[in-house]
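Listing of run19.cif, mmCIF, C-alpha atoms
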data_start
#
loop_
_atom_site.label_atom_id
_atom_site.label_comp_id
_atom_site.auth_asym_id
_atom_site.auth_seq_id
_atom_site.Cartn_x
_atom_site.Cartn_y
_atom_site.Cartn_z
CA MET F 1 -39.97 -111.53 -63.64
CA GLN F 2 -39.74 -108.90 -66.31
CA ASN F 3 -41.97 -107.61 -69.01
CA PRO F 4 -41.95 -109.11 -72.49
CA TYR F 5 -42.26 -105.73 -74.08
CA ARG F 6 -38.86 -104.66 -72.85
CA THR F 7 -35.21 -105.67 -73.14
CA GLN F 8 -35.21 -105.73 -76.86
CA GLN F 9 -36.59 -102.29 -77.09
CA ARG F 10 -36.52 -101.24 -73.38
CA PHE F 11 -41.96 -102.91 -75.16
CA ILE F 12 -46.43 -101.66 -77.28
CA VAL F 13 -47.95 -98.72 -78.17
CA ALA F 14 -46.49 -98.59 -81.43
CA THR F 15 -46.19 -101.20 -84.07
CA THR F 16 -48.99 -99.04 -84.22
CA VAL F 17 -50.23 -99.74 -80.73
CA LEU F 18 -45.35 -102.81 -78.30
CA GLY F 19 -43.73 -102.61 -75.75
CA ILE F 20 -43.37 -104.10 -73.90
CA GLY F 21 -41.15 -104.17 -73.96
CA PHE F 22 -43.77 -106.84 -74.22
CA THR F 23 -42.57 -104.28 -73.73
CA GLY F 24 -41.68 -105.94 -73.30
CA VAL F 25 -43.14 -103.16 -76.42
CA LEU F 26 -43.03 -104.77 -73.41
CA THR F 27 -41.44 -110.40 -67.18
CA LEU F 28 -41.09 -114.11 -66.95
CA SER F 29 -42.07 -116.56 -64.31
CA GLY F 30 -42.20 -120.25 -63.76
CA CYS F 31 -38.97 -121.64 -62.40
CA SER F 32 -36.31 -119.65 -60.61
CA LEU F 33 -34.06 -119.83 -63.67
CA LEU F 34 -36.40 -117.44 -65.46
CA GLN F 35 -37.24 -114.93 -62.84
CA ASN F 36 -34.38 -112.56 -63.57
CA LEU F 37 -34.53 -112.78 -67.34
CA PRO F 38 -35.25 -109.78 -69.52
CA LEU F 39 -38.43 -109.62 -71.50
CA PRO F 40 -39.43 -110.79 -74.95
CA TRP F 41 -40.11 -107.41 -76.50
CA PRO F 42 -37.55 -105.80 -78.78
CA ALA F 43 -35.19 -103.54 -76.92
CA ARG F 44 -35.33 -99.79 -77.41
CA GLN F 45 -32.04 -99.56 -79.23
CA THR F 46 -33.00 -102.19 -81.80
CA SER F 47 -36.70 -101.42 -82.21
CA PRO F 48 -37.37 -97.81 -81.23
CA ALA F 49 -40.97 -97.94 -82.37
CA GLY F 50 -41.97 -100.51 -79.80
CA PRO F 51 -44.92 -102.86 -79.87
CA GLY F 52 -47.47 -100.11 -79.92
CA ALA F 53 -46.18 -96.97 -81.52
CA GLU F 54 -48.23 -95.29 -84.17
CA THR F 55 -46.47 -93.85 -87.18
CA GLY F 56 -48.07 -90.89 -88.82
CA SER F 57 -51.40 -91.54 -87.16
CA THR F 58 -54.30 -89.19 -87.65
CA PRO F 59 -56.46 -88.28 -84.64
CA ASN F 60 -59.56 -90.44 -84.73
CA SER F 61 -62.03 -87.91 -83.40
CA ALA F 62 -63.18 -84.58 -84.72
CA ALA F 63 -61.18 -81.48 -83.97
CA THR F 64 -62.51 -79.17 -81.30
CA GLY F 65 -62.77 -75.42 -81.43
CA THR F 66 -59.35 -75.05 -79.81
CA MET F 67 -57.33 -77.10 -82.32
CA ASP F 68 -58.02 -78.02 -85.94
CA ALA F 69 -57.43 -81.50 -87.37
CA LYS F 70 -54.23 -80.48 -89.17
CA THR F 71 -52.67 -79.16 -85.96
CA MET F 72 -53.71 -82.29 -84.07
CA LYS F 73 -52.07 -84.48 -86.67
CA SER F 74 -48.93 -82.37 -86.46
CA HIS F 75 -48.75 -82.94 -82.68
CA MET F 76 -49.38 -86.68 -83.09
CA ASP F 77 -46.68 -87.00 -85.76
CA ALA F 78 -44.23 -85.00 -83.66
CA GLY F 79 -44.99 -87.13 -80.61
CA ASN F 80 -44.45 -90.35 -82.53
CA ALA F 81 -41.15 -89.11 -83.96
CA LYS F 82 -39.89 -88.09 -80.52
CA ALA F 83 -40.98 -91.38 -78.99
CA LYS F 84 -39.11 -93.36 -81.64
CA SER F 85 -35.92 -91.56 -80.68
CA GLY F 86 -36.52 -92.25 -76.98
CA GLN F 87 -37.60 -88.70 -76.07
CA TRP F 88 -40.43 -90.02 -73.95
CA GLN F 89 -41.34 -86.91 -71.97
CA ALA F 90 -41.22 -84.69 -75.05
CA ALA F 91 -43.44 -87.19 -76.86
CA LEU F 92 -45.89 -87.24 -73.98
CA ASP F 93 -46.11 -83.45 -74.07
CA GLU F 94 -47.17 -83.61 -77.73
CA PHE F 95 -49.87 -86.19 -77.09
CA GLN F 96 -51.11 -84.31 -74.05
CA GLN F 97 -51.61 -81.19 -76.15
CA VAL F 98 -53.97 -83.19 -78.35
CA LEU F 99 -55.86 -84.51 -75.33
CA ALA F 100 -56.16 -81.04 -73.84
CA ALA F 101 -58.05 -80.01 -76.98
CA ASP F 102 -59.85 -83.31 -77.50
CA PRO F 103 -60.10 -85.51 -74.36
CA ARG F 104 -61.91 -88.19 -76.38
CA ASN F 105 -59.12 -88.74 -78.89
CA ALA F 106 -58.57 -92.48 -78.54
CA GLN F 107 -55.26 -92.64 -80.40
CA ALA F 108 -53.77 -89.85 -78.27
CA HIS F 109 -54.75 -91.92 -75.22
CA VAL F 110 -53.10 -95.00 -76.76
CA GLN F 111 -49.88 -93.16 -77.47
CA SER F 112 -49.86 -91.47 -74.05
CA GLY F 113 -50.33 -94.86 -72.43
CA TRP F 114 -47.43 -96.30 -74.40
CA VAL F 115 -45.07 -93.47 -73.48
CA LEU F 116 -46.07 -93.58 -69.81
CA ALA F 117 -45.44 -97.32 -69.82
CA GLU F 118 -41.96 -96.70 -71.21
CA LEU F 119 -41.50 -94.28 -68.31
CA GLN F 120 -42.75 -97.07 -66.00
CA GLN F 121 -45.62 -94.92 -64.76
CA TRP F 122 -47.93 -97.90 -64.82
CA ASP F 123 -51.07 -96.53 -63.17
CA GLU F 124 -51.17 -93.47 -65.40
CA ALA F 125 -50.47 -95.62 -68.44
CA LYS F 126 -53.30 -97.94 -67.49
CA ASN F 127 -55.73 -95.03 -67.08
CA HIS F 128 -55.01 -93.78 -70.59
CA LEU F 129 -55.26 -97.22 -72.14
CA VAL F 130 -58.51 -98.04 -70.34
CA SER F 131 -59.88 -94.78 -71.75
CA ALA F 132 -58.64 -95.74 -75.22
CA VAL F 133 -60.35 -99.13 -75.05
CA ALA F 134 -63.60 -97.51 -73.87
CA LEU F 135 -63.49 -94.94 -76.68
CA SER F 136 -62.33 -97.35 -79.39
CA PRO F 137 -63.13 -100.97 -78.44
CA ASP F 138 -61.78 -102.35 -81.72
CA ASN F 139 -58.36 -100.69 -81.41
CA ALA F 140 -56.02 -103.68 -81.32
CA ASN F 141 -53.05 -101.61 -80.21
CA ALA F 142 -54.95 -100.24 -77.22
CA HIS F 143 -55.71 -103.78 -76.05
CA ALA F 144 -52.15 -104.97 -76.72
CA ASN F 145 -50.62 -102.15 -74.72
CA LEU F 146 -53.12 -102.52 -71.91
CA ALA F 147 -52.20 -106.22 -71.75
CA TRP F 148 -48.55 -105.21 -71.37
CA VAL F 149 -49.32 -102.79 -68.54
CA TYR F 150 -51.48 -105.32 -66.71
CA ALA F 151 -48.67 -107.87 -67.02
CA GLU F 152 -46.17 -105.39 -65.59
CA GLN F 153 -48.50 -104.97 -62.64
CA LYS F 154 -48.81 -108.76 -62.33
CA HIS F 155 -52.54 -108.63 -63.03
CA TRP F 156 -52.28 -111.82 -65.05
CA ASN F 157 -55.97 -112.54 -65.68
CA GLU F 158 -56.53 -109.04 -67.02
CA ALA F 159 -53.35 -109.29 -69.08
CA LYS F 160 -54.55 -112.54 -70.65
CA GLU F 161 -57.96 -111.10 -71.45
CA GLU F 162 -56.54 -108.01 -73.12
CA ALA F 163 -53.86 -109.96 -75.01
CA LYS F 164 -56.45 -112.37 -76.37
CA ARG F 165 -58.66 -109.48 -77.44
CA ALA F 166 -55.70 -107.85 -79.22
CA ILE F 167 -54.94 -111.14 -80.99
CA ASP F 168 -58.57 -111.49 -82.10
CA LEU F 169 -58.45 -108.00 -83.57
CA ASP F 170 -54.97 -108.27 -85.10
CA PRO F 171 -53.80 -111.91 -85.41
CA LYS F 172 -50.56 -110.87 -87.15
CA ASN F 173 -49.20 -108.79 -84.25
CA ALA F 174 -46.44 -110.74 -82.49
CA TYR F 175 -46.41 -108.69 -79.29
CA PRO F 176 -49.71 -109.73 -77.68
CA HIS F 177 -48.74 -113.37 -78.27
CA ALA F 178 -45.55 -112.73 -76.29
CA THR F 179 -47.51 -110.99 -73.52
CA LEU F 180 -50.00 -113.87 -73.41
CA ALA F 181 -47.09 -116.31 -73.21
CA TRP F 182 -45.59 -114.30 -70.36
CA SER F 183 -48.91 -114.46 -68.50
CA TYR F 184 -49.20 -118.22 -68.99
CA GLN F 185 -45.63 -118.72 -67.85
CA SER F 186 -46.18 -116.59 -64.77
CA ASN F 187 -48.99 -118.96 -63.79
CA GLY F 188 -46.87 -122.07 -64.36
CA GLN F 189 -48.64 -122.99 -67.61
CA ASP F 190 -45.42 -123.64 -69.49
CA SER F 191 -46.90 -125.67 -72.35
CA LEU F 192 -49.35 -122.90 -73.21
CA ALA F 193 -46.54 -120.37 -72.83
CA ILE F 194 -44.37 -122.30 -75.30
CA ASP F 195 -47.19 -122.31 -77.86
CA GLU F 196 -47.61 -118.54 -77.62
CA TYR F 197 -43.88 -117.81 -77.69
CA GLU F 198 -43.64 -119.93 -80.83
CA LYS F 199 -46.52 -118.00 -82.40
CA SER F 200 -44.80 -114.72 -81.57
CA LEU F 201 -41.66 -116.00 -83.32
CA GLU F 202 -43.59 -117.14 -86.38
CA LEU F 203 -44.86 -113.58 -86.73
CA ASN F 204 -41.57 -111.90 -85.81
CA PRO F 205 -38.51 -114.18 -85.86
CA LYS F 206 -36.38 -111.36 -84.49
CA LEU F 207 -38.01 -111.34 -81.04
CA GLU F 208 -34.83 -112.37 -79.28
CA GLN F 209 -36.37 -112.63 -75.84
CA SER F 210 -39.01 -115.03 -77.08
CA SER F 211 -36.27 -117.23 -78.55
CA LEU F 212 -34.29 -117.12 -75.32
CA THR F 213 -37.26 -117.88 -73.11
CA VAL F 214 -38.79 -120.64 -75.18
CA GLY F 215 -35.31 -122.16 -75.50
CA ILE F 216 -35.01 -122.28 -71.72
CA LEU F 217 -38.49 -123.75 -71.41
CA TYR F 218 -37.60 -126.46 -73.91
CA CYS F 219 -34.42 -127.17 -71.99
CA ASN F 220 -36.37 -127.41 -68.73
CA GLN F 221 -38.61 -130.00 -70.39
CA GLY F 222 -35.64 -132.03 -71.56
CA GLN F 223 -36.11 -131.09 -75.21
CA LYS F 224 -32.49 -130.20 -75.90
CA PRO F 225 -32.73 -130.37 -79.74
CA ARG F 226 -35.44 -127.71 -79.68
CA ALA F 227 -33.44 -125.63 -77.24
CA ASP F 228 -30.49 -125.93 -79.62
CA GLU F 229 -32.69 -124.70 -82.49
CA GLN F 230 -33.45 -121.52 -80.56
CA LEU F 231 -29.77 -121.14 -79.72
CA ASN F 232 -28.90 -121.35 -83.42
CA THR F 233 -31.53 -118.74 -84.20
CA LEU F 234 -30.02 -116.35 -81.67
CA ILE F 235 -26.53 -116.98 -83.01
CA LYS F 236 -27.69 -116.20 -86.57
CA LEU F 237 -29.26 -112.97 -85.30
CA GLY F 238 -25.97 -112.06 -83.63
CA SER F 239 -27.86 -111.71 -80.37
CA PRO F 240 -26.01 -111.40 -77.04
CA LYS F 241 -28.81 -113.53 -75.63
CA ALA F 242 -27.25 -116.53 -77.38
CA GLY F 243 -24.69 -116.65 -74.60
CA GLU F 244 -27.43 -116.78 -71.95
CA LEU F 245 -29.17 -119.69 -73.62
CA GLN F 246 -25.91 -121.50 -74.33
CA ALA F 247 -24.93 -121.24 -70.66
CA ARG F 248 -28.29 -122.67 -69.63
CA ILE F 249 -28.00 -125.59 -72.06
CA LYS F 250 -24.46 -126.33 -70.86
CA LYS F 251 -25.78 -126.72 -67.31
CA GLY F 252 -27.76 -129.65 -68.65
CA CYS F 253 -31.31 -129.91 -69.86
CA ALA F 254 -33.65 -131.84 -67.59
CA ALA F 255 -34.07 -135.50 -68.38
CA LYS F 256 -37.34 -136.14 -70.12
#

As structure tokens, the full file:
Amino acid sequence: MQNPYRTQQRFIVATTVLGIGFTGVLTLSGCSLLQNLPLPWPARQTSPAGPGAETGSTPNSAATGTMDAKTMKSHMDAGNAKAKSGQWQAALDEFQQVLAADPRNAQAHVQSGWVLAELQQWDEAKNHLVSAVALSPDNANAHANLAWVYAEQKHWNEAKEEAKRAIDLDPKNAYPHATLAWSYQSNGQDSLAIDEYEKSLELNPKLEQSSLTVGILYCNQGQKPRADEQLNTLIKLGSPKAGELQARIKKGCAAK
């Protein structure tokens, strides 16, 4: 199974956190047909910001004696710009400079966690995001990205808890809905997964992986017309994932 923050971006922290890709921005479970699918988060090349990237964020804690607020903001802005162009290590270096001066800067922890997740350094990413949540409990992006990382580590209960918290704090963010769906699907709760994938698509109709996955789930349940609707959506988006879903439908949707 793969992370929903990825494959459409390669995931979360940065709608302002994806991915994911929930990533991936951002992994799917359930039946064997889904286990090798990419994730529902936007892929790097199409959504460089990811489910959790912050744009032009200002450090949320006071400057220390070693770095003034203006310099901190400059490092944060530079880190975000580099992350959006896929320069993950260079971005991390910028965020780490902020944390060296101000270890309690929650947003620098969020952004560091996002970048480390993109680098697939999951334990380090988790440590930063746990710190961010502790320092700023109402930071929706911190919870959304932490949900992504927990899902990547297959810690499904923790992923669900963090995704739900992110949704409570920011109901209009599509990414935690996709991560929550991924967690439900990984535990065989396909009906709940479908509901959350649909919610993610209501909020962001361009989440190609959500369309692909929910289309396959509909097909598995014998709901071919609904699977066809998702196929049409992917075709309209010009998504290469349309071919994946079309191939699955052609194999025959399960009899209801």

Problem - For Asn204 in chain F: contacts at 9 Å, all atoms listed in the file, fewer than 2 positions along chain excluded, given as a ChimeraX atom specification - result: /F:173-175,199-202,206-207

Practice task
Using all atoms listed in the file, determine which residues lie at most 9 Å from Ser239 in chain F, disregarding the query and same-chain residues fewer than 5 positions distant; provide the list as a VMD selection string.
Solution key: chain F and resid 208 233 to 234

Completion exercise
Using only C-alpha atoms, the shortest atom-to-atom distance to Gln223 in chain F among F:Cys253, F:Ile235, F:Ala78, F:Val98 belongs to F:Cys253

Compile the contact shell of Pro137 in chain F as a PDB file with C-alpha atoms, keeping the file's coordinate frame: residues with an atom at most 12 Å away, counting all atoms listed in the file, same-chain residues fewer than 5 positions apart removed.
ATOM      1  CA  ALA F 106     -58.570 -92.480 -78.540  1.00  0.00           C
ATOM      2  CA  GLN F 107     -55.260 -92.640 -80.400  1.00  0.00           C
ATOM      3  CA  VAL F 110     -53.100 -95.000 -76.760  1.00  0.00           C
ATOM      4  CA  LEU F 129     -55.260 -97.220 -72.140  1.00  0.00           C
ATOM      5  CA  VAL F 130     -58.510 -98.040 -70.340  1.00  0.00           C
ATOM      6  CA  SER F 131     -59.880 -94.780 -71.750  1.00  0.00           C
ATOM      7  CA  ALA F 132     -58.640 -95.740 -75.220  1.00  0.00           C
ATOM      8  CA  ALA F 142     -54.950-100.240 -77.220  1.00  0.00           C
ATOM      9  CA  HIS F 143     -55.710-103.780 -76.050  1.00  0.00           C
ATOM     10  CA  ALA F 144     -52.150-104.970 -76.720  1.00  0.00           C
ATOM     11  CA  GLU F 162     -56.540-108.010 -73.120  1.00  0.00           C
ATOM     12  CA  ARG F 165     -58.660-109.480 -77.440  1.00  0.00           C
ATOM     13  CA  ALA F 166     -55.700-107.850 -79.220  1.00  0.00           C
ATOM     14  CA  LEU F 169     -58.450-108.000 -83.570  1.00  0.00           C
TER      15      LEU F 169
END

Handout entry: Result set, the PyMOL selection byres ((chain F and resi 193) around 9) on current file, as number ranges by chain
Key = F: 178, 180-186, 188-192, 194-198, 214, 217

Problem - Atomic distance CA of Pro171 in chain F - CA of Leu212 in chain F, expressed in Å with one decimal - result: 22.6 Å

Practice task
Just say which residues the PyMOL selection byres ((chain F and resi 87-90) around 10) picks in this file, as a PyMOL selection string.
Solution key: chain F and resi 78-86+91-96+112+114-119

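Picture a line from CA of Ile167 in chain F to CA of Trp148 in chain F; it runs 13.0 Å.
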
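Using all atoms listed in the file, the shortest contact distance between Lys126 in chain F and any of F:Asn139, F:Asn187, F:Gln111, F:Gln230 is found at F:Gln111.
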
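Put simply, CA of Leu245 in chain F is 8.3 Å away from CA of Thr213 in chain F.
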